[in-house]
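Printed here is my_file_26.tsv (TSV, C-alpha atoms):
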```tsv
chain	number	residue	atom	x	y	z
E	1	MET	CA	8.62	-7.00	-19.01
E	2	LYS	CA	11.13	-4.55	-17.61
E	3	LEU	CA	10.05	-2.57	-14.57
E	4	TYR	CA	11.48	0.85	-14.03
E	5	LYS	CA	12.29	2.24	-10.64
E	6	HIS	CA	11.80	5.78	-9.41
E	7	ASN	CA	14.45	6.89	-6.93
E	8	GLY	CA	15.28	3.23	-6.39
E	9	LEU	CA	11.70	2.24	-5.53
E	10	CYS	CA	9.12	0.17	-7.38
E	11	ASN	CA	6.24	2.37	-6.20
E	12	VAL	CA	5.51	5.89	-4.97
E	13	SER	CA	2.70	4.93	-2.57
E	14	GLY	CA	4.48	2.59	-0.16
E	15	GLU	CA	5.76	5.28	2.19
E	16	ARG	CA	2.32	6.90	2.37
E	17	ILE	CA	0.69	3.51	3.01
E	18	ARG	CA	3.09	2.95	5.92
E	19	GLN	CA	2.52	6.46	7.29
E	20	ARG	CA	-1.25	6.09	7.24
E	21	ARG	CA	-1.16	2.55	8.66
E	22	GLU	CA	1.00	3.72	11.56
E	23	ALA	CA	-1.20	6.80	12.14
E	24	LEU	CA	-4.15	4.42	12.51
E	25	LYS	CA	-2.04	2.23	14.84
E	26	LEU	CA	-2.50	-0.82	12.61
E	27	SER	CA	-0.01	-3.62	12.21
E	28	GLN	CA	0.78	-4.91	8.75
E	29	GLU	CA	-1.19	-8.03	9.67
E	30	GLN	CA	-4.23	-5.93	10.61
E	31	LEU	CA	-4.01	-4.01	7.33
E	32	SER	CA	-3.79	-7.33	5.51
E	33	ALA	CA	-6.99	-8.47	7.23
E	34	ARG	CA	-8.78	-5.24	6.26
E	35	LEU	CA	-7.70	-5.63	2.64
E	36	GLN	CA	-8.85	-9.25	2.60
E	37	LEU	CA	-12.28	-8.23	3.92
E	38	LEU	CA	-12.52	-5.80	1.00
E	39	GLY	CA	-11.61	-8.59	-1.45
E	40	LEU	CA	-7.88	-8.05	-1.98
E	41	GLU	CA	-5.92	-11.12	-0.91
E	42	LEU	CA	-2.56	-9.78	0.27
E	43	ASN	CA	-0.60	-11.08	3.23
E	44	GLN	CA	1.67	-9.25	5.69
E	45	LYS	CA	4.80	-10.06	3.70
E	46	VAL	CA	3.38	-8.40	0.57
E	47	ILE	CA	2.45	-5.28	2.57
E	48	SER	CA	5.99	-5.15	3.93
E	49	ARG	CA	7.39	-5.26	0.38
E	50	VAL	CA	4.97	-2.51	-0.71
E	51	GLU	CA	5.94	-0.26	2.19
E	52	THR	CA	9.65	-0.69	1.54
E	53	GLY	CA	9.21	-0.01	-2.17
E	54	LEU	CA	10.24	-3.50	-3.25
E	55	ARG	CA	6.88	-4.37	-4.85
E	56	VAL	CA	4.99	-2.66	-7.63
E	57	VAL	CA	1.48	-1.53	-6.61
E	58	PRO	CA	-0.93	-2.01	-9.51
E	59	ASP	CA	-3.35	0.87	-9.94
E	60	PHE	CA	-6.41	-1.23	-9.08
E	61	GLU	CA	-4.91	-2.05	-5.65
E	62	LEU	CA	-4.66	1.63	-4.69
E	63	GLU	CA	-8.44	1.87	-4.27
E	64	TYR	CA	-8.37	-1.07	-1.85
E	65	TYR	CA	-5.56	0.52	0.17
E	66	ALA	CA	-7.39	3.86	0.23
E	67	ARG	CA	-10.59	2.23	1.51
E	68	ALA	CA	-8.78	0.09	4.08
E	69	LEU	CA	-6.84	3.12	5.36
E	70	ASP	CA	-9.77	5.59	5.20
E	71	THR	CA	-8.00	7.96	2.84
E	72	ASP	CA	-7.99	8.63	-0.90
E	73	VAL	CA	-5.89	7.44	-3.80
E	74	LEU	CA	-4.48	10.90	-4.53
E	75	TRP	CA	-3.08	11.16	-1.00
E	76	LEU	CA	-1.48	7.72	-1.36
E	77	LEU	CA	0.20	8.96	-4.53
E	78	GLY	CA	1.47	12.08	-2.76
E	79	LEU	CA	-0.83	14.31	-4.80
E	80	GLY	CA	-3.31	15.32	-2.15
```
As structure tokens:
Amino acid sequence: MKLYKHNGLCNVSGERIRQRREALKLSQEQLSARLQLLGLELNQKVISRVETGLRVVPDFELEYYARALDTDVLWLLGLG
């Protein structure tokens, strides 16, 4: 399966995830722990790849990120 990039990135939410994580003063490791408590098993390295746009973020993961970061999916997508 070929993945297409947008402006050189594999996702549009990574920058917003990083912004919100930093606004909450969370480390990537702390965000990873929050996601794991919600049932999404991602480690710090995966979060780093998401934030830098090197990893695709499946749509179902956005809800986990939104809950862990106390925001909504539309904001993560830059639509809200």
Please write out, as AutoDock Vina command-line options, where the centre of an axis-aligned box around all listed atoms of segment 64-69 of chain E lies and how long its edges are, in Å to one decimal, after adding 5 Å on each side.
```
--center_x -8.1 --center_y 1.4 --center_z 1.8 --size_x 15.0 --size_y 14.9 --size_z 17.2
```
*Find the residues around Ser27 of chain E up to 12 Å (only C-alpha atoms counted), leave out those fewer than 6 positions away in its own chain, and share them as an MDAnalysis selection string.*
chainID E and resid 17:21 33:34 43:45 47:48 69
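Here atom CA of Leu37 of chain E is placed at a distance of 26.7 Å from atom CA of Leu79 of chain E.
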*Considering all atoms listed in the file, return as a PyMOL selection string whatever protein or nucleic-acid residues lie within 12 Å of Pro58 of chain E, sequence-local ones (same chain, fewer than 2 positions apart) excluded.*
chain E and resi 10-14+40+50+55-56+60-65
Output of the above residues as an mmCIF file, in the frame of the given file, restricted to C-alpha atoms:
```cif
data_model
loop_
_atom_site.group_PDB
_atom_site.id
_atom_site.type_symbol
_atom_site.label_atom_id
_atom_site.label_comp_id
_atom_site.auth_asym_id
_atom_site.auth_seq_id
_atom_site.Cartn_x
_atom_site.Cartn_y
_atom_site.Cartn_z
ATOM 1 C CA CYS E 10 9.120 0.170 -7.380
ATOM 2 C CA ASN E 11 6.240 2.370 -6.200
ATOM 3 C CA VAL E 12 5.510 5.890 -4.970
ATOM 4 C CA SER E 13 2.700 4.930 -2.570
ATOM 5 C CA GLY E 14 4.480 2.590 -0.160
ATOM 6 C CA LEU E 40 -7.880 -8.050 -1.980
ATOM 7 C CA VAL E 50 4.970 -2.510 -0.710
ATOM 8 C CA ARG E 55 6.880 -4.370 -4.850
ATOM 9 C CA VAL E 56 4.990 -2.660 -7.630
ATOM 10 C CA PHE E 60 -6.410 -1.230 -9.080
ATOM 11 C CA GLU E 61 -4.910 -2.050 -5.650
ATOM 12 C CA LEU E 62 -4.660 1.630 -4.690
ATOM 13 C CA GLU E 63 -8.440 1.870 -4.270
ATOM 14 C CA TYR E 64 -8.370 -1.070 -1.850
ATOM 15 C CA TYR E 65 -5.560 0.520 0.170
#
```
*asked:* To one decimal place in Å, what is the distance between atom CA of Ala68 of chain E and atom CA of Gln28 of chain E?
replied: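 Between atom CA of Ala68 of chain E and atom CA of Gln28 of chain E the gap is 11.8 Å.
The shortest atom-to-atom distance to Thr52 of chain E, with only C-alpha atoms taken into account, belongs to E:Glu15 out of E:Gly80, E:Glu15, E:Leu74, E:Ala66.
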*Take atom CA of Gly39 of chain E and atom CA of Leu24 of chain E and report the distance between them in Å, one decimal.*
20.5 Å
*Quick one: of E:Arg67, E:Arg16, E:Lys5, E:Lys25, who's nearest to Leu54 of chain E, counting all atoms listed in the file?*
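Going through E:Arg67, E:Arg16, E:Lys5, E:Lys25 one by one, the smallest distance to Leu54 of chain E is for E:Lys5.
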